[in-house]
$ cat structure-v1.txt   # compact mmCIF, C-alpha atoms
# COMPACT_ATOMS: atom_id res chain seq x y z
CA GLY A 1 -1.09 2.97 -2.32
CA PHE A 2 -2.42 5.70 -4.54
CA ALA A 3 -5.44 5.88 -2.28
CA THR A 4 -3.50 7.34 0.59
CA THR A 5 -3.83 10.70 -1.09
CA ALA A 6 -7.57 10.10 -1.35
CA LEU A 7 -7.66 10.63 2.40
CA THR A 8 -7.31 14.33 1.75
CA THR A 9 -9.95 14.49 -1.00
CA ALA A 10 -12.86 12.33 0.17
CA ASP A 11 -15.03 14.28 2.61
CA GLU A 12 -16.60 11.25 4.29
CA GLY A 13 -13.22 9.50 4.39
CA ASP A 14 -11.72 12.65 5.88
CA GLN A 15 -14.24 12.71 8.72
CA TRP A 16 -13.64 9.06 9.52
CA TYR A 17 -9.87 9.34 9.18
CA GLU A 18 -9.68 12.55 11.21
CA GLY A 19 -11.62 10.83 13.99
CA LEU A 20 -9.01 8.10 14.36
CA GLU A 21 -6.46 8.16 17.14
CA LYS A 22 -3.08 8.39 15.43
CA PRO A 23 0.46 7.47 16.44
CA SER A 24 2.96 10.24 17.12
CA TRP A 25 5.15 9.04 14.24
CA LEU A 26 2.48 9.53 11.55
CA PRO A 27 3.91 11.71 8.76
CA PRO A 28 1.85 14.70 7.59
CA ASN A 29 -0.69 13.90 4.86
CA SER A 30 1.32 16.07 2.44
CA VAL A 31 4.12 13.44 2.44
CA PHE A 32 2.05 10.57 1.05
CA GLY A 33 1.26 11.94 -2.42
CA PRO A 34 4.85 12.76 -3.45
CA VAL A 35 6.18 9.51 -1.99
CA TRP A 36 3.64 7.42 -3.89
CA ALA A 37 4.29 9.38 -7.10
CA GLY A 38 7.99 8.57 -6.80
CA LEU A 39 7.29 4.93 -6.01
CA TYR A 40 4.93 4.54 -8.98
CA PHE A 41 7.59 6.06 -11.23
CA LEU A 42 10.20 3.56 -9.98
CA MET A 43 7.73 0.67 -10.38
CA ALA A 44 6.96 1.74 -13.96
CA VAL A 45 10.65 1.98 -14.84
CA ALA A 46 11.30 -1.46 -13.30
CA ALA A 47 8.41 -3.02 -15.22
CA PHE A 48 9.53 -1.35 -18.43
CA MET A 49 13.04 -2.74 -17.97
CA VAL A 50 11.59 -6.26 -17.67
CA TRP A 51 9.17 -5.74 -20.55
CA ARG A 52 12.10 -4.63 -22.76
CA ARG A 53 13.58 -8.12 -22.33
CA GLY A 54 11.06 -9.88 -24.54
CA GLY A 55 7.72 -8.26 -23.89
CA PHE A 56 4.72 -9.91 -22.27
CA LEU A 57 5.18 -13.21 -24.10
CA LYS A 58 8.69 -13.84 -22.85
CA GLN A 59 8.22 -12.20 -19.43
CA ALA A 60 4.69 -13.41 -18.69
CA LEU A 61 5.36 -14.59 -15.12
CA PRO A 62 7.17 -11.52 -13.74
CA LEU A 63 4.82 -9.09 -15.48
CA SER A 64 1.73 -11.04 -14.37
CA VAL A 65 2.87 -11.04 -10.74
CA TYR A 66 3.64 -7.33 -11.12
CA SER A 67 0.08 -6.76 -12.37
CA ILE A 68 -1.38 -8.77 -9.49
CA GLN A 69 0.54 -6.69 -6.93
CA LEU A 70 -0.76 -3.52 -8.59
CA VAL A 71 -4.33 -4.79 -8.17
CA ALA A 72 -3.53 -5.56 -4.51
CA ASN A 73 -2.08 -2.06 -4.12
CA PHE A 74 -5.21 -0.43 -5.58
CA SER A 75 -7.49 -2.71 -3.52
CA TRP A 76 -6.22 -1.29 -0.26
CA VAL A 77 -8.22 1.92 -0.68
CA PHE A 78 -11.50 0.03 -0.77
CA ILE A 79 -10.65 -2.01 2.31
CA TYR A 80 -9.31 0.99 4.22
CA LEU A 81 -11.62 3.84 3.19
CA GLU A 82 -14.78 2.11 2.01
CA ALA A 83 -14.99 -0.86 4.38
CA ARG A 84 -13.08 1.07 7.06
CA ASP A 85 -11.57 -2.19 8.24
CA LEU A 86 -8.12 -1.39 9.54
CA LEU A 87 -7.28 -5.00 10.42
CA ALA A 88 -8.25 -6.32 6.97
CA ALA A 89 -6.31 -3.42 5.41
CA PHE A 90 -3.22 -4.43 7.44
CA ILE A 91 -3.56 -8.06 6.34
CA GLU A 92 -3.94 -6.89 2.74
CA LEU A 93 -0.74 -4.83 3.08
CA CYS A 94 1.10 -7.91 4.39
CA CYS A 95 -0.04 -9.82 1.30
CA LEU A 96 0.97 -6.88 -0.88
CA TRP A 97 4.45 -6.85 0.70
CA VAL A 98 4.91 -10.54 -0.15
CA LEU A 99 3.72 -9.91 -3.72
CA ILE A 100 6.19 -7.03 -4.07
CA LEU A 101 8.99 -9.26 -2.78
CA VAL A 102 8.08 -12.01 -5.25
CA THR A 103 7.89 -9.41 -8.03
CA ALA A 104 11.34 -8.10 -7.10
CA VAL A 105 12.82 -11.62 -7.14
CA LEU A 106 11.25 -12.37 -10.53
CA PHE A 107 12.31 -9.00 -11.92
CA GLY A 108 15.84 -9.58 -10.59
CA ARG A 109 16.08 -12.80 -12.59
CA VAL A 110 15.42 -10.78 -15.73
CA ARG A 111 17.41 -7.66 -14.90
CA ARG A 112 18.97 -7.04 -11.50
CA ALA A 113 18.54 -3.25 -11.62
CA SER A 114 14.76 -3.65 -11.97
CA ALA A 115 14.67 -5.52 -8.66
CA PHE A 116 16.64 -2.79 -6.90
CA LEU A 117 14.15 -0.20 -8.14
CA LEU A 118 11.46 -1.99 -6.09
CA VAL A 119 13.39 -1.79 -2.79
CA PRO A 120 12.03 1.67 -1.85
CA TYR A 121 8.50 0.33 -2.53
CA LEU A 122 9.14 -2.65 -0.23
CA ILE A 123 10.41 -0.35 2.51
CA TRP A 124 7.50 2.08 2.15
CA VAL A 125 4.86 -0.67 2.19
CA PHE A 126 6.52 -2.10 5.33
CA PHE A 127 6.24 1.36 6.90
CA ALA A 128 2.64 1.74 5.67
CA GLY A 129 1.79 -1.68 7.10
CA SER A 130 3.33 -0.72 10.44
CA LEU A 131 1.34 2.50 10.44
CA ASN A 132 -1.85 0.68 9.43
CA PHE A 133 -1.35 -1.86 12.23
CA GLU A 134 -0.77 0.89 14.78
CA LEU A 135 -3.92 2.71 13.64
CA TRP A 136 -5.87 -0.53 14.09
CA ARG A 137 -4.30 -1.13 17.52
CA LEU A 138 -5.10 2.38 18.72
CA ASN A 139 -8.67 2.36 17.41
CA ARG A 140 -9.94 -1.20 17.79
CA ASP A 141 -13.08 -2.02 19.70
CA GLU A 142 -12.45 -3.93 22.93
CA LYS A 143 -15.09 -6.57 22.08
CA ASN A 144 -13.76 -7.54 18.64
CA SER A 145 -11.21 -6.66 15.99
CA THR A 146 -13.31 -4.09 14.15
CA LEU A 147 -13.02 -0.37 14.45
CA THR A 148 -15.59 1.50 16.48
CA VAL A 149 -16.94 4.19 14.19
CA THR A 150 -18.99 7.08 15.46
CA ASN A 151 -21.13 9.20 13.19
CA SER A 152 -20.47 12.86 13.81
CA THR A 153 -23.81 13.90 12.29
CA ASP A 154 -25.90 12.27 15.07
$ encode --input "structure-v1.txt" --output "C-alpha cells"
Amino acid sequence: GFATTALTTADEGDQWYEGLEKPSWLPPNSVFGPVWAGLYFLMAVAAFMVWRRGGFLKQALPLSVYSIQLVANFSWVFIYLEARDLLAAFIELCCLWVLILVTAVLFGRVRRASAFLLVPYLIWVFFAGSLNFELWRLNRDEKNSTLTVTNSTD
C-alpha cells in the first residue's frame, strides 16, 4: 500500500524496480501516492464510523480484522522491496484482498456506509494484485518462481 510511493524514494529499490520489465498498462509512479492517500482517508473514515458505534469494546471483531488488514497492507513493502519476491508479494496481496473483503462485510454489519467506503480499496488492491502478478510473470526466472536480479554495479 503506502509503500508503493517508496518506489520513488528508495535508491536501491529504484534501481531494482527500474530494471524490471513492466506491462504497458502500468500507471505512472505519480498516480500511486495520491490514490493511496485517498484510499487511506476512506479507510480511516470507515473505521471511525464503526468505532463510533461502541468503540473498541463493542466493535472488537471488525476493528481487529481492520487492524490485521492494515498490518498486511504495510507488510507488502517488505516482501516487494526488501525481499524482492514478486510472487510472494502477489500472494500477500491476495490475502490482503480477502482481509479487506472480510473487513467490509464486518463493517457493513455495523454501518452499511462504512462497507461502501472500502469498495475503492478492494478495487485498487485487485488492480495492484493484477499488476504485481504481471510484473512477476514478465520477470520470473525460467528455472524457478523467483525473480532474476542483476546487480548494476558489477
$ closest_residue --input "structure-v1.txt" --among "A:Asp14, A:Asp141, A:Glu92, A:Asp85" --to "Ala72 (chain A)" --atoms "only C-alpha atoms"
A:Glu92
$ closest_residue --input "structure-v1.txt" --among "A:Phe56, A:Trp124, A:Leu63, A:Leu135" --to "Glu18 (chain A)" --atoms "only C-alpha atoms"
A:Leu135
$ residues_around --input "structure-v1.txt" --residues "region 41-52 of chain A" --least-positions-apart "5" --cutoff "9 Å" --atoms "all atoms listed in the file" --output "JSON, numbers by chain"
{"A": [36, 58, 59, 62, 63, 66, 107, 108, 110, 111, 113, 114, 115, 116, 117, 118, 120, 121]}
$ atom_distance --input "structure-v1.txt" --atom1 "CA of Val35 (chain A)" --atom2 "CA of Lys22 (chain A)"
19.8 Å
$ atom_distance --input "structure-v1.txt" --atom1 "CA of Leu70 (chain A)" --atom2 "CA of Thr103 (chain A)"
10.5 Å
$ atom_distance --input "structure-v1.txt" --atom1 "CA of Leu122 (chain A)" --atom2 "CA of Ser30 (chain A)"
20.5 Å
$ closest_residue --input "structure-v1.txt" --among "A:Ala83, A:Ala60, A:Cys94, A:Ala37" --to "Trp16 (chain A)" --atoms "all atoms listed in the file"
A:Ala83
$ residues_around --input "structure-v1.txt" --residues "Trp76 (chain A)" --least-positions-apart "2" --cutoff "7 Å" --atoms "only C-alpha atoms" --output "PyMOL selection string"
chain A and resi 1+72-74+78-80+89+92
$ axis_aligned_box --input "structure-v1.txt" --around "region 67-81 of chain A" --padding-each-side "3 Å" --output "AutoDock Vina command-line options"
--center_x -5.5 --center_y -2.5 --center_z -4.1 --size_x 18.2 --size_y 18.6 --size_z 22.6
$ residues_around --input "structure-v1.txt" --residues "Ala128 (chain A)" --least-positions-apart "4" --cutoff "9 Å" --atoms "all atoms listed in the file" --output "mmCIF file with C-alpha atoms, keeping the file's coordinate frame"
data_model
loop_
_atom_site.group_PDB
_atom_site.id
_atom_site.type_symbol
_atom_site.label_atom_id
_atom_site.label_comp_id
_atom_site.auth_asym_id
_atom_site.auth_seq_id
_atom_site.Cartn_x
_atom_site.Cartn_y
_atom_site.Cartn_z
ATOM 1 C CA GLY A 1 -1.090 2.970 -2.320
ATOM 2 C CA PHE A 90 -3.220 -4.430 7.440
ATOM 3 C CA LEU A 93 -0.740 -4.830 3.080
ATOM 4 C CA ILE A 123 10.410 -0.350 2.510
ATOM 5 C CA TRP A 124 7.500 2.080 2.150
ATOM 6 C CA ASN A 132 -1.850 0.680 9.430
ATOM 7 C CA PHE A 133 -1.350 -1.860 12.230
#
$ decode --input "structure-v1.txt" --residues "region 43-59 of chain A" --atoms "all heavy atoms" --output "compact mmCIF listing (two decimals), in the first residue's frame"
# COMPACT_ATOMS: atom_id res chain seq x y z
N MET A 43 -10.48 4.64 4.25
CA MET A 43 -10.38 3.57 5.25
C MET A 43 -10.53 4.16 6.65
O MET A 43 -11.19 3.57 7.51
CB MET A 43 -9.04 2.84 5.13
CG MET A 43 -8.93 2.00 3.87
SD MET A 43 -7.46 0.96 3.77
CE MET A 43 -6.12 2.05 4.08
N ALA A 44 -9.88 5.29 6.90
CA ALA A 44 -9.95 5.92 8.22
C ALA A 44 -11.38 6.35 8.55
O ALA A 44 -11.86 6.15 9.67
CB ALA A 44 -8.99 7.10 8.29
N VAL A 45 -12.06 6.93 7.57
CA VAL A 45 -13.45 7.35 7.78
C VAL A 45 -14.32 6.13 8.07
O VAL A 45 -15.15 6.14 9.00
CB VAL A 45 -13.99 8.15 6.58
CG1 VAL A 45 -15.49 8.38 6.68
CG2 VAL A 45 -13.25 9.47 6.44
N ALA A 46 -14.14 5.05 7.31
CA ALA A 46 -14.92 3.83 7.53
C ALA A 46 -14.67 3.27 8.92
O ALA A 46 -15.62 2.89 9.63
CB ALA A 46 -14.56 2.78 6.46
N ALA A 47 -13.42 3.20 9.34
CA ALA A 47 -13.10 2.68 10.67
C ALA A 47 -13.67 3.58 11.76
O ALA A 47 -14.18 3.08 12.77
CB ALA A 47 -11.58 2.54 10.83
N PHE A 48 -13.61 4.88 11.55
CA PHE A 48 -14.16 5.82 12.52
C PHE A 48 -15.67 5.62 12.66
O PHE A 48 -16.21 5.66 13.77
CB PHE A 48 -13.83 7.26 12.12
CG PHE A 48 -14.35 8.28 13.08
CD1 PHE A 48 -13.77 8.44 14.33
CD2 PHE A 48 -15.42 9.09 12.73
CE1 PHE A 48 -14.25 9.39 15.23
CE2 PHE A 48 -15.91 10.03 13.61
CZ PHE A 48 -15.33 10.18 14.87
N MET A 49 -16.35 5.41 11.53
CA MET A 49 -17.79 5.18 11.57
C MET A 49 -18.13 3.95 12.41
O MET A 49 -19.11 3.95 13.16
CB MET A 49 -18.33 5.03 10.15
CG MET A 49 -18.30 6.31 9.34
SD MET A 49 -18.63 6.06 7.58
CE MET A 49 -20.37 5.71 7.61
N VAL A 50 -17.33 2.90 12.28
CA VAL A 50 -17.56 1.68 13.06
C VAL A 50 -17.21 1.93 14.52
O VAL A 50 -17.96 1.54 15.43
CB VAL A 50 -16.74 0.51 12.47
CG1 VAL A 50 -16.78 -0.71 13.38
CG2 VAL A 50 -17.26 0.15 11.08
N TRP A 51 -16.09 2.58 14.76
CA TRP A 51 -15.66 2.87 16.12
C TRP A 51 -16.71 3.69 16.86
O TRP A 51 -16.96 3.49 18.06
CB TRP A 51 -14.32 3.61 16.08
CG TRP A 51 -13.83 3.99 17.44
CD1 TRP A 51 -13.18 3.20 18.34
CD2 TRP A 51 -13.98 5.27 18.05
NE1 TRP A 51 -12.89 3.91 19.48
CE2 TRP A 51 -13.38 5.20 19.32
CE3 TRP A 51 -14.54 6.48 17.64
CZ2 TRP A 51 -13.34 6.28 20.19
CZ3 TRP A 51 -14.51 7.55 18.51
CH2 TRP A 51 -13.90 7.43 19.77
N ARG A 52 -17.37 4.62 16.15
CA ARG A 52 -18.40 5.47 16.76
C ARG A 52 -19.61 4.68 17.25
O ARG A 52 -20.39 5.17 18.04
CB ARG A 52 -18.89 6.52 15.76
CG ARG A 52 -17.92 7.59 15.39
CD ARG A 52 -17.82 8.66 16.42
NE ARG A 52 -19.13 9.11 16.86
CZ ARG A 52 -19.52 10.36 16.93
NH1 ARG A 52 -18.70 11.32 16.60
NH2 ARG A 52 -20.73 10.67 17.35
N ARG A 53 -19.74 3.46 16.81
CA ARG A 53 -20.85 2.59 17.24
C ARG A 53 -20.45 1.69 18.40
O ARG A 53 -20.70 0.50 18.38
CB ARG A 53 -21.34 1.74 16.07
CG ARG A 53 -21.92 2.50 14.91
CD ARG A 53 -23.39 2.82 15.17
NE ARG A 53 -23.97 3.68 14.20
CZ ARG A 53 -24.80 3.29 13.24
NH1 ARG A 53 -25.10 2.03 13.10
NH2 ARG A 53 -25.29 4.18 12.41
N GLY A 54 -19.79 2.25 19.40
CA GLY A 54 -19.50 1.48 20.60
C GLY A 54 -18.04 1.34 20.94
O GLY A 54 -17.70 0.66 21.91
N GLY A 55 -17.17 1.91 20.14
CA GLY A 55 -15.75 1.85 20.43
C GLY A 55 -15.15 0.47 20.23
O GLY A 55 -15.78 -0.43 19.65
N PHE A 56 -13.94 0.30 20.73
CA PHE A 56 -13.23 -0.97 20.54
C PHE A 56 -13.89 -2.12 21.29
O PHE A 56 -13.85 -3.26 20.83
CB PHE A 56 -11.76 -0.83 20.97
CG PHE A 56 -10.95 0.00 20.03
CD1 PHE A 56 -10.59 1.29 20.37
CD2 PHE A 56 -10.57 -0.48 18.78
CE1 PHE A 56 -9.86 2.08 19.50
CE2 PHE A 56 -9.85 0.30 17.91
CZ PHE A 56 -9.49 1.59 18.26
N LEU A 57 -14.47 -1.83 22.45
CA LEU A 57 -15.07 -2.91 23.23
C LEU A 57 -16.27 -3.54 22.52
O LEU A 57 -16.38 -4.76 22.45
CB LEU A 57 -15.48 -2.41 24.62
CG LEU A 57 -14.33 -2.04 25.54
CD1 LEU A 57 -14.85 -1.49 26.86
CD2 LEU A 57 -13.42 -3.25 25.78
N LYS A 58 -17.12 -2.71 21.98
CA LYS A 58 -18.31 -3.23 21.31
C LYS A 58 -18.01 -3.70 19.88
O LYS A 58 -18.66 -4.62 19.37
CB LYS A 58 -19.41 -2.18 21.29
CG LYS A 58 -20.73 -2.73 20.81
CD LYS A 58 -21.86 -1.76 21.01
CE LYS A 58 -23.15 -2.40 20.54
NZ LYS A 58 -24.25 -1.46 20.53
N GLN A 59 -17.03 -3.11 19.24
CA GLN A 59 -16.72 -3.43 17.84
C GLN A 59 -15.36 -4.12 17.72
O GLN A 59 -14.62 -3.90 16.77
CB GLN A 59 -16.76 -2.17 16.99
CG GLN A 59 -18.07 -1.42 17.04
CD GLN A 59 -19.27 -2.27 16.62
OE1 GLN A 59 -19.16 -3.27 15.93
NE2 GLN A 59 -20.44 -1.86 17.08
